[in-house]
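Asks: Got a file for you: target31.txt, compact mmCIF, C-alpha atoms.
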# COMPACT_ATOMS: atom_id res chain seq x y z
CA MET B 1 -44.28 4.21 53.80
CA THR B 2 -41.73 4.04 56.64
CA PHE B 3 -38.26 5.38 56.11
CA ALA B 4 -36.73 1.90 56.22
CA ARG B 5 -39.17 0.60 53.63
CA ARG B 6 -38.48 3.61 51.42
CA VAL B 7 -34.76 2.83 51.53
CA VAL B 8 -35.43 -0.79 50.64
CA VAL B 9 -37.55 0.23 47.65
CA LEU B 10 -34.93 2.73 46.47
CA VAL B 11 -32.16 0.16 46.73
CA ALA B 12 -34.29 -2.38 44.88
CA VAL B 13 -35.06 0.14 42.10
CA ALA B 14 -31.39 1.12 41.85
CA ALA B 15 -30.31 -2.53 41.71
CA GLY B 16 -32.96 -3.21 39.08
CA LEU B 17 -31.79 -0.27 36.98
CA GLN B 18 -28.21 -1.38 37.28
CA TRP B 19 -29.14 -4.90 36.22
CA ALA B 20 -31.10 -3.56 33.27
CA CYS B 21 -28.51 -1.05 32.08
CA GLY B 22 -25.10 -2.12 33.28
CA PRO B 23 -24.42 -5.54 31.83
CA PHE B 24 -26.72 -4.91 28.90
CA ARG B 25 -24.03 -3.50 26.63
CA SER B 26 -21.47 -6.19 27.30
CA ARG B 27 -24.07 -8.92 26.75
CA THR B 28 -24.81 -7.66 23.25
CA PRO B 29 -22.84 -10.03 21.02
CA GLN B 30 -20.44 -8.18 18.71
CA PRO B 31 -21.21 -9.03 15.09
CA LYS B 32 -18.68 -11.43 13.54
CA GLY B 33 -16.25 -9.74 11.18
CA GLN B 34 -17.10 -6.26 12.49
CA ALA B 35 -14.23 -3.80 12.05
CA THR B 36 -13.73 -0.48 13.81
CA VAL B 37 -11.26 1.85 12.10
CA VAL B 38 -9.96 5.06 13.70
CA ILE B 39 -7.52 7.50 12.09
CA LEU B 40 -4.85 8.74 14.51
CA PRO B 41 -2.96 12.05 14.28
CA GLU B 42 0.69 11.78 13.14
CA ALA B 43 3.56 12.61 15.50
CA ASP B 44 3.69 16.16 14.01
CA GLY B 45 -0.03 16.70 14.69
CA THR B 46 -1.17 16.44 11.07
CA VAL B 47 -3.80 13.91 10.03
CA GLY B 48 -3.63 11.78 6.89
CA ARG B 49 -6.56 10.31 5.02
CA ALA B 50 -8.07 6.84 4.85
CA THR B 51 -10.98 5.37 2.91
CA VAL B 52 -12.96 2.51 4.37
CA SER B 53 -14.97 0.73 1.71
CA ASN B 54 -16.77 -2.44 0.75
CA PRO B 55 -19.14 -3.28 -2.11
CA ASN B 56 -22.00 -1.59 -0.20
CA GLY B 57 -20.43 1.79 0.37
CA SER B 58 -17.49 3.86 1.43
CA VAL B 59 -16.58 6.55 3.98
CA GLU B 60 -13.56 8.81 4.30
CA LEU B 61 -11.66 9.46 7.54
CA SER B 62 -9.68 12.72 7.48
CA THR B 63 -9.88 14.43 10.88
CA ALA B 64 -8.22 13.40 14.15
CA ARG B 65 -9.81 10.28 15.68
CA ALA B 66 -12.47 10.08 12.95
CA SER B 67 -13.89 6.59 13.21
CA THR B 68 -16.26 4.21 11.47
CA ARG B 69 -17.65 0.78 12.14
CA VAL B 70 -18.48 -1.75 9.48
CA VAL B 71 -20.01 -5.23 9.44
CA PRO B 72 -19.83 -7.65 6.51
CA GLY B 73 -22.35 -6.99 3.77
CA VAL B 74 -23.38 -3.53 5.01
CA ALA B 75 -21.99 -0.09 4.10
CA PRO B 76 -19.64 1.47 6.70
CA GLU B 77 -21.46 3.48 9.38
CA ALA B 78 -21.41 7.29 9.32
CA VAL B 79 -18.17 8.80 10.64
CA THR B 80 -18.02 9.80 14.30
CA ILE B 81 -15.14 11.20 16.35
CA MET B 82 -13.83 8.85 19.02
CA SER B 83 -12.70 10.54 22.25
CA GLU B 84 -9.02 10.37 23.22
CA GLU B 85 -10.01 8.38 26.33
CA GLU B 86 -11.90 5.83 24.25
CA VAL B 87 -8.95 5.47 21.83
CA MET B 88 -6.61 4.79 24.76
CA ARG B 89 -9.06 2.43 26.46
CA ARG B 90 -9.56 0.33 23.34
CA PHE B 91 -6.21 0.63 21.55
CA GLY B 92 -3.75 1.55 24.33
CA ALA B 93 -2.12 -1.90 24.36
CA ALA B 94 -1.38 -1.79 20.62
CA ILE B 95 -0.22 1.85 20.78
CA ALA B 96 2.18 0.91 23.61
CA ALA B 97 3.71 -1.86 21.44
CA GLN B 98 4.60 0.54 18.60
CA PRO B 99 8.29 0.44 17.64
CA PRO B 100 10.12 3.82 17.61
CA ALA B 101 9.64 5.87 14.43
CA PRO B 102 12.48 5.39 11.91
CA ALA B 103 14.94 8.30 11.57
CA HIS B 104 16.31 9.66 8.27
CA PHE B 105 19.64 11.33 7.55
CA THR B 106 21.08 12.62 4.28
CA LEU B 107 24.83 13.01 3.75
CA TYR B 108 26.18 14.96 0.75
CA PHE B 109 29.27 14.47 -1.45
CA GLU B 110 31.72 16.56 -3.43
CA PHE B 111 31.33 16.57 -7.25
CA ASP B 112 32.23 13.25 -9.00
CA SER B 113 33.73 12.03 -5.74
CA ASP B 114 33.19 9.73 -2.80
CA GLU B 115 34.39 12.50 -0.44
CA LEU B 116 31.77 13.67 2.10
CA THR B 117 31.21 17.42 2.39
CA ALA B 118 32.62 18.85 5.65
CA GLU B 119 29.11 19.47 6.99
CA SER B 120 28.03 15.89 6.34
CA GLN B 121 31.14 14.45 8.03
CA ARG B 122 29.82 15.96 11.27
CA LEU B 123 26.44 14.21 10.88
CA VAL B 124 28.00 10.76 11.20
CA SER B 125 28.12 10.92 15.01
CA GLN B 126 24.46 11.99 15.11
CA VAL B 127 23.54 8.87 13.16
CA GLN B 128 25.52 6.75 15.59
CA ASP B 129 23.70 8.35 18.57
CA SER B 130 20.36 7.63 16.93
CA VAL B 131 21.15 3.93 16.37
CA LYS B 132 21.34 3.41 20.15
CA LEU B 133 17.64 4.28 20.49
CA TYR B 134 16.35 1.28 18.51
CA PRO B 135 15.74 -2.32 19.56
CA ALA B 136 17.56 -4.70 17.14
CA PRO B 137 18.63 -1.66 15.06
CA GLN B 138 18.89 -1.70 11.25
CA VAL B 139 20.81 0.94 9.32
CA ALA B 140 19.96 1.14 5.60
CA VAL B 141 22.58 3.09 3.62
CA VAL B 142 21.54 3.99 0.06
CA GLY B 143 23.97 5.74 -2.33
CA HIS B 144 22.72 8.22 -4.96
CA THR B 145 24.33 10.33 -7.70
CA ASP B 146 23.39 13.26 -9.90
CA THR B 147 22.78 12.62 -13.62
CA THR B 148 26.34 13.46 -14.75
CA GLY B 149 27.85 10.37 -16.43
CA SER B 150 26.24 7.08 -17.47
CA ALA B 151 23.55 5.31 -15.45
CA THR B 152 25.77 2.23 -15.09
CA ALA B 153 28.78 4.21 -13.87
CA ASN B 154 26.50 6.00 -11.41
CA ILE B 155 25.35 2.73 -9.83
CA GLY B 156 29.05 2.13 -9.07
CA LEU B 157 29.62 5.68 -7.80
CA GLY B 158 26.51 5.45 -5.58
CA LEU B 159 27.81 2.19 -4.15
CA ARG B 160 31.27 3.68 -3.47
CA ARG B 161 29.63 6.58 -1.64
CA ALA B 162 27.48 4.21 0.42
CA GLU B 163 30.60 2.15 1.26
CA VAL B 164 32.39 5.28 2.48
CA VAL B 165 29.46 6.01 4.79
CA ARG B 166 29.40 2.40 5.96
CA MET B 167 33.08 2.60 6.95
CA ARG B 168 32.51 5.91 8.77
CA LEU B 169 29.59 4.45 10.71
CA ILE B 170 31.63 1.40 11.74
CA GLU B 171 34.49 3.70 12.82
CA ALA B 172 31.96 5.67 14.87
CA GLY B 173 30.91 2.47 16.67
CA VAL B 174 27.87 1.19 14.75
CA ASP B 175 27.68 -2.63 14.70
CA ARG B 176 28.66 -3.67 11.15
CA SER B 177 26.03 -6.42 11.05
CA ALA B 178 23.28 -3.78 11.42
CA ILE B 179 24.30 -1.99 8.21
CA VAL B 180 22.94 -2.81 4.74
CA VAL B 181 24.44 -0.95 1.77
CA THR B 182 22.79 -0.45 -1.66
CA SER B 183 22.97 1.98 -4.57
CA HIS B 184 20.21 3.57 -6.61
CA GLY B 185 22.70 5.41 -8.85
CA GLU B 186 20.76 8.15 -10.64
CA ALA B 187 17.41 6.27 -10.48
CA THR B 188 15.83 8.15 -7.55
CA LEU B 189 16.81 11.83 -7.75
CA LEU B 190 16.05 14.09 -4.81
CA VAL B 191 15.84 17.06 -7.22
CA PRO B 192 14.53 15.96 -10.64
CA THR B 193 16.85 17.14 -13.46
CA ALA B 194 17.60 16.37 -17.11
CA ASP B 195 20.47 13.99 -17.93
CA ASN B 196 24.03 15.24 -17.37
CA VAL B 197 23.15 17.90 -14.82
CA ASN B 198 25.61 18.62 -12.01
CA GLU B 199 23.25 18.89 -9.01
CA PRO B 200 24.86 18.81 -5.52
CA ARG B 201 21.60 17.84 -3.79
CA ASN B 202 21.42 14.62 -5.80
CA ARG B 203 24.95 13.54 -4.77
CA ARG B 204 23.93 12.01 -1.51
CA VAL B 205 23.65 8.97 0.70
CA ASP B 206 20.32 8.43 2.45
CA ILE B 207 20.50 6.69 5.79
CA THR B 208 17.47 5.20 7.49
CA VAL B 209 17.79 4.03 11.07
CA ARG B 210 14.96 1.76 12.12
CA MET J 1 22.79 -36.90 -26.64
CA LYS J 2 22.88 -34.06 -29.13
CA ALA J 3 23.59 -30.49 -28.08
CA ARG J 4 19.97 -29.51 -28.70
CA GLN J 5 18.71 -32.23 -26.38
CA HIS J 6 21.10 -31.04 -23.67
CA TRP J 7 19.55 -27.61 -23.97
CA LEU J 8 16.03 -29.00 -23.71
CA VAL J 9 16.94 -30.95 -20.58
CA ALA J 10 18.56 -27.85 -19.08
CA ILE J 11 15.50 -25.69 -19.83
CA GLY J 12 13.25 -28.41 -18.39
CA LEU J 13 15.24 -28.48 -15.16
CA VAL J 14 15.06 -24.69 -14.82
CA LEU J 15 11.28 -24.79 -15.33
CA LEU J 16 10.96 -27.50 -12.67
CA ALA J 17 13.10 -25.54 -10.22
CA ALA J 18 11.37 -22.18 -10.79
CA PRO J 19 8.29 -22.77 -8.60
CA ALA J 20 10.53 -23.81 -5.69
CA PHE J 21 12.31 -20.45 -5.89
CA ALA J 22 9.05 -18.57 -6.33
CA GLN J 23 7.68 -20.03 -3.10
CA GLN J 24 10.59 -18.71 -1.05
CA SER J 25 9.20 -15.57 0.53
CA SER J 26 11.37 -12.51 0.93
CA PRO J 27 12.28 -10.67 4.16
CA ALA J 28 9.89 -7.82 4.90
CA GLY J 29 10.90 -6.46 8.30
CA ARG J 30 11.95 -7.14 11.84
CA ILE J 31 10.33 -7.71 15.23
CA LYS J 32 11.07 -4.77 17.52
CA VAL J 33 8.75 -5.14 20.50
CA VAL J 34 7.52 -8.30 22.25
CA SER J 35 5.77 -8.80 25.58
CA GLY J 36 3.76 -11.75 26.88
CA SER J 37 2.88 -14.53 24.45
CA ALA J 38 3.51 -13.51 20.85
CA PHE J 39 4.13 -15.65 17.79
CA ILE J 40 5.00 -15.75 14.13
CA VAL J 41 2.87 -18.19 12.16
CA ARG J 42 4.96 -19.40 9.20
CA SER J 43 3.99 -22.16 6.74
CA GLY J 44 1.58 -23.67 9.22
CA GLY J 45 4.01 -23.71 12.17
CA THR J 46 4.05 -21.38 15.17
CA ILE J 47 7.33 -19.79 16.28
CA PRO J 48 7.64 -17.78 19.54
CA ALA J 49 8.40 -14.16 18.58
CA GLU J 50 11.65 -12.56 19.73
CA VAL J 51 13.05 -9.06 19.26
CA GLY J 52 15.37 -9.04 16.24
CA GLN J 53 13.67 -11.86 14.31
CA THR J 54 13.10 -11.32 10.60
CA VAL J 55 9.49 -11.19 9.42
CA PHE J 56 8.83 -12.57 5.95
CA GLU J 57 6.17 -11.91 3.38
CA SER J 58 3.20 -14.26 4.04
CA ASP J 59 3.97 -14.58 7.78
CA SER J 60 1.15 -14.01 10.25
CA LEU J 61 1.65 -12.30 13.60
CA ARG J 62 -0.39 -13.60 16.52
CA THR J 63 -0.65 -12.69 20.21
CA GLY J 64 -2.11 -14.54 23.20
CA ASP J 65 -4.40 -12.90 25.75
CA ASP J 66 -1.40 -11.33 27.55
CA GLY J 67 0.65 -10.63 24.40
CA ARG J 68 1.84 -7.56 22.50
CA LEU J 69 3.98 -7.37 19.38
CA GLY J 70 5.53 -4.56 17.33
CA ILE J 71 7.33 -4.78 13.96
CA THR J 72 8.98 -2.33 11.56
CA LEU J 73 8.93 -3.21 7.85
CA ASP J 74 11.80 -2.36 5.49
CA ASP J 75 9.90 0.63 4.07
CA ASP J 76 9.41 2.13 7.61
CA THR J 77 5.82 0.89 7.93
CA ARG J 78 5.12 0.05 11.57
CA LEU J 79 2.56 -2.42 12.84
CA SER J 80 1.76 -3.27 16.43
CA LEU J 81 -0.71 -5.73 17.94
CA GLY J 82 -2.46 -5.76 21.29
CA PRO J 83 -3.60 -8.95 23.08
CA SER J 84 -5.55 -11.78 21.35
CA SER J 85 -4.84 -10.34 17.92
CA GLU J 86 -3.77 -11.61 14.51
CA VAL J 87 -2.57 -9.88 11.34
CA ARG J 88 -1.34 -11.57 8.16
CA LEU J 89 1.29 -9.95 5.95
CA ASN J 90 -0.01 -11.02 2.54
CA SER J 91 2.55 -9.28 0.37
CA PHE J 92 5.42 -6.85 0.63
CA ARG J 93 7.51 -5.39 -2.23
CA TYR J 94 9.91 -2.53 -1.70
CA ALA J 95 12.26 -1.87 -4.62
CA PRO J 96 11.83 1.87 -5.27
CA ALA J 97 14.78 2.06 -7.70
CA GLN J 98 12.96 -0.48 -9.91
CA GLY J 99 9.66 1.33 -9.34
CA SER J 100 8.17 -1.76 -7.68
CA VAL J 101 6.41 -1.31 -4.34
CA GLY J 102 3.34 -2.84 -2.69
CA LEU J 103 1.93 -3.86 0.66
CA ALA J 104 -1.10 -5.95 1.62
CA MET J 105 -2.11 -7.04 5.12
CA SER J 106 -5.18 -8.75 6.54
CA PHE J 107 -6.39 -7.75 9.99
CA LEU J 108 -8.00 -10.98 11.16
CA ARG J 109 -8.88 -10.28 14.80
CA GLY J 110 -8.13 -8.13 17.84
CA ILE J 111 -6.54 -4.70 17.91
CA ALA J 112 -3.69 -3.28 15.87
CA VAL J 113 -2.08 0.05 15.03
CA TYR J 114 -0.71 0.69 11.52
CA VAL J 115 1.63 3.60 10.78
CA SER J 116 2.32 4.09 7.07
CA GLY J 117 5.84 4.05 5.62
CA GLN J 118 7.54 4.85 2.29
CA ILE J 119 5.29 2.60 0.19
CA ALA J 120 2.22 4.66 1.16
CA LYS J 121 4.19 7.81 0.29
CA LEU J 122 5.48 6.59 -3.09
CA ALA J 123 2.35 4.75 -4.28
CA PRO J 124 -0.61 5.06 -1.89
CA ASP J 125 -2.83 2.95 -4.15
CA SER J 126 -0.47 0.00 -3.74
CA VAL J 127 -1.28 -0.28 -0.02
CA ARG J 128 -4.18 -2.58 0.79
CA LEU J 129 -5.36 -3.13 4.36
CA GLU J 130 -8.05 -5.79 4.54
CA THR J 131 -10.55 -6.55 7.28
CA PRO J 132 -13.34 -9.18 7.07
CA SER J 133 -15.89 -6.43 6.36
CA ALA J 134 -14.06 -3.70 4.43
CA ILE J 135 -10.87 -2.63 2.67
CA VAL J 136 -8.98 0.38 4.02
CA GLY J 137 -7.05 2.61 1.60
CA VAL J 138 -4.53 5.07 3.03
CA ARG J 139 -2.91 8.40 2.21
CA GLY J 140 0.07 8.64 4.58
CA THR J 141 -1.71 7.73 7.75
CA SER J 142 -1.75 6.18 11.21
CA LEU J 143 -4.73 3.96 11.94
CA ALA J 144 -6.06 1.94 14.84
CA LEU J 145 -8.16 -1.09 13.93
CA HIS J 146 -10.33 -3.45 15.93
CA VAL J 147 -11.67 -6.60 14.32
CA VAL J 148 -14.17 -9.07 15.75
CA PRO J 149 -13.09 -12.48 14.38
CA GLU J 150 -15.37 -14.15 11.84
As C-alpha cells, how would this structure be written, given the file I've shared?
Replies:
Amino acid sequence: MTFARRVVVLVAVAAGLQWACGPFRSRTPQPKGQATVVILPEADGTVGRATVSNPNGSVELSTARASTRVVPGVAPEAVTIMSEEEVMRRFGAAIAAQPPAPAHFTLYFEFDSDELTAESQRLVSQVQDSVKLYPAPQVAVVGHTDTTGSATANIGLGLRRAEVVRMRLIEAGVDRSAIVVTSHGEATLLVPTADNVNEPRNRRVDITVR
Amino acid sequence: MKARQHWLVAIGLVLLAAPAFAQQSSPAGRIKVVSGSAFIVRSGGTIPAEVGQTVFESDSLRTGDDGRLGITLDDDTRLSLGPSSEVRLNSFRYAPAQGSVGLAMSFLRGIAVYVSGQIAKLAPDSVRLETPSAIVGVRGTSLALHVVPE
C-alpha cells in the first residue's frame, strides 16, 4: 500500500469511527418523563439528604454530587457521583440564576421592655448594609417574647418590639415598603422553657433579609 | 321576614361566597433574577416575569430557550430555572407560629436548582418535590434536577 493510500484509509477509518461513535449518544432519544436528580453541597460544604422514590423503588442521595436517574414505571437507577464539570455543564445556567442566600439577624431586648440591648442597637446598621445586596429586597421582622406574662399580652409585646426594630431600620435608610412586621409572641421560643420563665434569649426580634 | 329567616339567608350568602375566597391563592415569594424570556403562568394566562413580582401559590414558572429565572419563597426556599424549563408551585403554607407549613412543587421539564428553606428545616416531611417519574423527599438540601418532558 502506498503512503498516500494508507493515509486515505486511515482518514476513512477515523471518519467512520467518528460517525459511529460521535453523534450516537445525542441521537439516542431521552426517555419521556426521565428525571436526573443530583444533590449539591451547601454553601458551608455540608451535604444534606434526599430520597428519590417511586412505587418501584427508592434511593438515597447523601454525599456531594450523588446522582440518580429515573424513568416512569422503573425504580431509580443506582447512585453514581456526577463530576463537578458535568454538574456545571448540565446545570450551570440554573445555578447562575440562583438568588442570593437569605441572611438572618437576631436582636435582643431588655426584660419586659421594647428597649433593644446596647449590643443589638449596633446590629441595625449591619442589617441595613445587608439589604443593599438583594434584588427587590424583603425584610421580614418577627417579634418574640419569653414566657413571662400571658400569651395574648406577649403577642402585643412581640409586635411592639418588631415595630421598634422597623422604625430603627427605616431611620437607618431601609425602604419602608420592603419591611413586613409580625409577632409570634411566645409561640416560637428560641430556648424552650416552662411558662413564666424570664429567659433573655427568647426576648428577641428575628430579621430575615431576602 | 322573621329574624330566623334573615339568619338563614346570611348563612347561605356566606356559604356561596366561601369558595370564591378559597380560590384566591396566597403570596408565596418574589422573583429575584430574570434574564431572557421568562414567564409566570397564572390561571391559564402568561405574564412576562420581572424582578420584584410576587409569585403566588399555584403559579407556574416557565422559561424560553434563552431564559433564566430565580425566585425566593417566603420561607427562604430558593428555586432557579435554566432555559426551556417549567416548574409549578402546587402549594405553599408558611405559618410557623400556627404550626402550619408545607411546600409542593412539580418539576415539569428542563433544569432547575432547589435550595431548601425553613419549611424543610421545621417539617421535612411536608416538602414534596414531584417529577414525572419520582418524588423527591429532602432533609435540608440543595438539589439540581433535570426533567425530560412527558
Asks: How many Å separate atom CA of Thr117 of chain B from atom CA of Ala187 of chain B?
Replies: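 Straight-line distance from atom CA of Thr117 of chain B to atom CA of Ala187 of chain B works out to 21.9 Å.
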Asks: Work out how far apart atom CA of Leu61 of chain B and atom CA of Ala96 of chain B are and give it in Å to one decimal.
Replies: 22.9 Å
Asks: I want to know what sits within 12 Å of Ser26 of chain J, based on all atoms listed in the file, with residues of the same chain fewer than 2 positions away left out; could you give that as a ChimeraX atom specification?
Replies: /J:21-24,28-29,54-59,73-74,89-94
Asks: Identify, on the basis of all atoms listed in the file, every residue whose closest approach to Asn196 of chain B does not exceed 12 Å; exclude the query and any residue fewer than 2 positions from it along the same chain; express the result as a list in words.
Replies: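 So, after excluding close chain neighbours, the residues are Asp112, Thr145, Asp146, Thr147, Thr148, Gly149, Ser150, Ala151, Asn154, Glu186, Pro192, Thr193, Ala194, Asn198, Glu199 and Asn202 of chain B.
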Asks: Could you check which of J:Pro96, J:Gly110, J:Gly140, J:Gly64 is closest to Ile40 of chain J, using all atoms listed in the file?
Replies: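 Of J:Pro96, J:Gly110, J:Gly140, J:Gly64, the one nearest Ile40 of chain J is J:Gly64, counting all atoms listed in the file.
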Asks: With all atoms listed in the file counted and 9 Å as the cut-off, give the residues of chain B in contact with chain J, each with its shortest interatomic distance in Å and the pair that gives it, as JSON lines.
Replies:
{"residue": "B:Gln30", "atom": "CA", "partner": "J:Val148", "partner_atom": "CA", "distance": 7.0}
{"residue": "B:Pro31", "atom": "CA", "partner": "J:Val148", "partner_atom": "CA", "distance": 7.1}
{"residue": "B:Lys32", "atom": "CA", "partner": "J:Glu150", "partner_atom": "CA", "distance": 4.6}
{"residue": "B:Gly33", "atom": "CA", "partner": "J:Glu150", "partner_atom": "CA", "distance": 4.5}
{"residue": "B:Gln34", "atom": "CA", "partner": "J:Val148", "partner_atom": "CA", "distance": 5.2}
{"residue": "B:Ala35", "atom": "CA", "partner": "J:Val147", "partner_atom": "CA", "distance": 4.4}
{"residue": "B:Thr36", "atom": "CA", "partner": "J:His146", "partner_atom": "CA", "distance": 5.0}
{"residue": "B:Val37", "atom": "CA", "partner": "J:Leu145", "partner_atom": "CA", "distance": 4.6}
{"residue": "B:Val38", "atom": "CA", "partner": "J:Ala144", "partner_atom": "CA", "distance": 5.1}
{"residue": "B:Ile39", "atom": "CA", "partner": "J:Leu143", "partner_atom": "CA", "distance": 4.5}
{"residue": "B:Leu40", "atom": "CA", "partner": "J:Ser142", "partner_atom": "CA", "distance": 5.2}
{"residue": "B:Pro41", "atom": "CA", "partner": "J:Ser142", "partner_atom": "CA", "distance": 6.7}
{"residue": "B:Glu42", "atom": "CA", "partner": "J:Ser142", "partner_atom": "CA", "distance": 6.4}
{"residue": "B:Val47", "atom": "CA", "partner": "J:Thr141", "partner_atom": "CA", "distance": 6.9}
{"residue": "B:Gly48", "atom": "CA", "partner": "J:Thr141", "partner_atom": "CA", "distance": 4.6}
{"residue": "B:Arg49", "atom": "CA", "partner": "J:Arg139", "partner_atom": "CA", "distance": 5.0}
{"residue": "B:Ala50", "atom": "CA", "partner": "J:Val138", "partner_atom": "CA", "distance": 4.4}
{"residue": "B:Thr51", "atom": "CA", "partner": "J:Gly137", "partner_atom": "CA", "distance": 5.0}
{"residue": "B:Val52", "atom": "CA", "partner": "J:Val136", "partner_atom": "CA", "distance": 4.5}
{"residue": "B:Ser53", "atom": "CA", "partner": "J:Ala134", "partner_atom": "CA", "distance": 5.3}
{"residue": "B:Asn54", "atom": "CA", "partner": "J:Ala134", "partner_atom": "CA", "distance": 4.7}
{"residue": "B:Pro55", "atom": "CA", "partner": "J:Ala134", "partner_atom": "CA", "distance": 8.3}
{"residue": "B:Ser58", "atom": "CA", "partner": "J:Ala134", "partner_atom": "CA", "distance": 8.8}
{"residue": "B:Arg65", "atom": "CA", "partner": "J:Leu143", "partner_atom": "CA", "distance": 8.9}
{"residue": "B:Val70", "atom": "CA", "partner": "J:Ser133", "partner_atom": "CA", "distance": 6.2}
{"residue": "B:Val71", "atom": "CA", "partner": "J:Ser133", "partner_atom": "CA", "distance": 5.3}
{"residue": "B:Pro72", "atom": "CA", "partner": "J:Ser133", "partner_atom": "CA", "distance": 4.1}
{"residue": "B:Gly73", "atom": "CA", "partner": "J:Ser133", "partner_atom": "CA", "distance": 7.0}
{"residue": "B:Val74", "atom": "CA", "partner": "J:Ser133", "partner_atom": "CA", "distance": 8.1}
{"residue": "B:Ala75", "atom": "CA", "partner": "J:Ala134", "partner_atom": "CA", "distance": 8.7}
{"residue": "B:Pro76", "atom": "CA", "partner": "J:Ala134", "partner_atom": "CA", "distance": 7.9}
{"residue": "B:Val87", "atom": "CA", "partner": "J:Ala144", "partner_atom": "CA", "distance": 8.3}
{"residue": "B:Arg90", "atom": "CA", "partner": "J:Ile111", "partner_atom": "CA", "distance": 8.0}
{"residue": "B:Phe91", "atom": "CA", "partner": "J:Ile111", "partner_atom": "CA", "distance": 6.5}
{"residue": "B:Gly92", "atom": "CA", "partner": "J:Gly82", "partner_atom": "CA", "distance": 8.0}
{"residue": "B:Ala93", "atom": "CA", "partner": "J:Gly82", "partner_atom": "CA", "distance": 4.9}
{"residue": "B:Ala94", "atom": "CA", "partner": "J:Gly82", "partner_atom": "CA", "distance": 4.2}
{"residue": "B:Ile95", "atom": "CA", "partner": "J:Val113", "partner_atom": "CA", "distance": 6.3}
{"residue": "B:Ala96", "atom": "CA", "partner": "J:Ser80", "partner_atom": "CA", "distance": 8.3}
{"residue": "B:Ala97", "atom": "CA", "partner": "J:Gly70", "partner_atom": "CA", "distance": 5.2}
{"residue": "B:Gln98", "atom": "CA", "partner": "J:Ser80", "partner_atom": "CA", "distance": 5.2}
{"residue": "B:Pro99", "atom": "CA", "partner": "J:Gly70", "partner_atom": "CA", "distance": 5.7}
{"residue": "B:Pro100", "atom": "CA", "partner": "J:Lys32", "partner_atom": "CA", "distance": 8.6}
{"residue": "B:Ala101", "atom": "CA", "partner": "J:Asp76", "partner_atom": "CA", "distance": 7.8}
{"residue": "B:Pro102", "atom": "CA", "partner": "J:Asp76", "partner_atom": "CA", "distance": 6.2}
{"residue": "B:Tyr134", "atom": "CA", "partner": "J:Lys32", "partner_atom": "CA", "distance": 8.1}
{"residue": "B:Pro135", "atom": "CA", "partner": "J:Lys32", "partner_atom": "CA", "distance": 5.7}
{"residue": "B:Ala136", "atom": "CA", "partner": "J:Gly52", "partner_atom": "CA", "distance": 4.9}
{"residue": "B:Pro137", "atom": "CA", "partner": "J:Gly52", "partner_atom": "CA", "distance": 8.2}
{"residue": "B:Gln138", "atom": "CA", "partner": "J:Arg30", "partner_atom": "CA", "distance": 8.8}
{"residue": "B:Ala140", "atom": "CA", "partner": "J:Asp74", "partner_atom": "CA", "distance": 8.9}
{"residue": "B:Ser183", "atom": "CA", "partner": "J:Ala97", "partner_atom": "CA", "distance": 8.8}
{"residue": "B:His184", "atom": "CA", "partner": "J:Ala97", "partner_atom": "CA", "distance": 5.7}
{"residue": "B:Gly185", "atom": "CA", "partner": "J:Ala97", "partner_atom": "CA", "distance": 8.7}
{"residue": "B:Ala187", "atom": "CA", "partner": "J:Ala97", "partner_atom": "CA", "distance": 5.7}
{"residue": "B:Thr188", "atom": "CA", "partner": "J:Ala97", "partner_atom": "CA", "distance": 6.2}
{"residue": "B:Thr208", "atom": "CA", "partner": "J:Asp76", "partner_atom": "CA", "distance": 8.6}
{"residue": "B:Arg210", "atom": "CA", "partner": "J:Asp76", "partner_atom": "CA", "distance": 7.2}
Asks: Do you have the atom CA of Phe39 of chain J-atom CA of Asp65 of chain J distance handy?
Replies: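 Computing it gives 12.0 Å between the two atoms.
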Asks: Using only C-alpha atoms, which of B:Asp206, B:Glu86, B:Asp195, B:Asp175 sits nearest Gly143 of chain B?
Replies: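 Among the listed residues, B:Asp206 lies closest to Gly143 of chain B.
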Asks: For Pro124 of chain J, which of J:Ser106, J:Val87, J:Val101, J:Ser37 is the closest residue, counting all atoms listed in the file?
Replies: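 Counting all atoms listed in the file, the residue closest to Pro124 of chain J is J:Val101.
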Asks: Show which residues sit within 10 Å of segment 164-166 of chain B, as a list of chain:residue names. Count all atoms listed in the file, and ignore same-chain residues fewer than 5 positions away.
Replies: B:Leu107, B:Asp114, B:Glu115, B:Leu116, B:Gln121, B:Val124, B:Val139, B:Ala140, B:Val141, B:Val142, B:Gly143, B:Gly158, B:Leu159, B:Glu171, B:Ala172, B:Val174, B:Arg176, B:Ile179, B:Val180, B:Val181, B:Val205, B:Asp206, B:Ile207
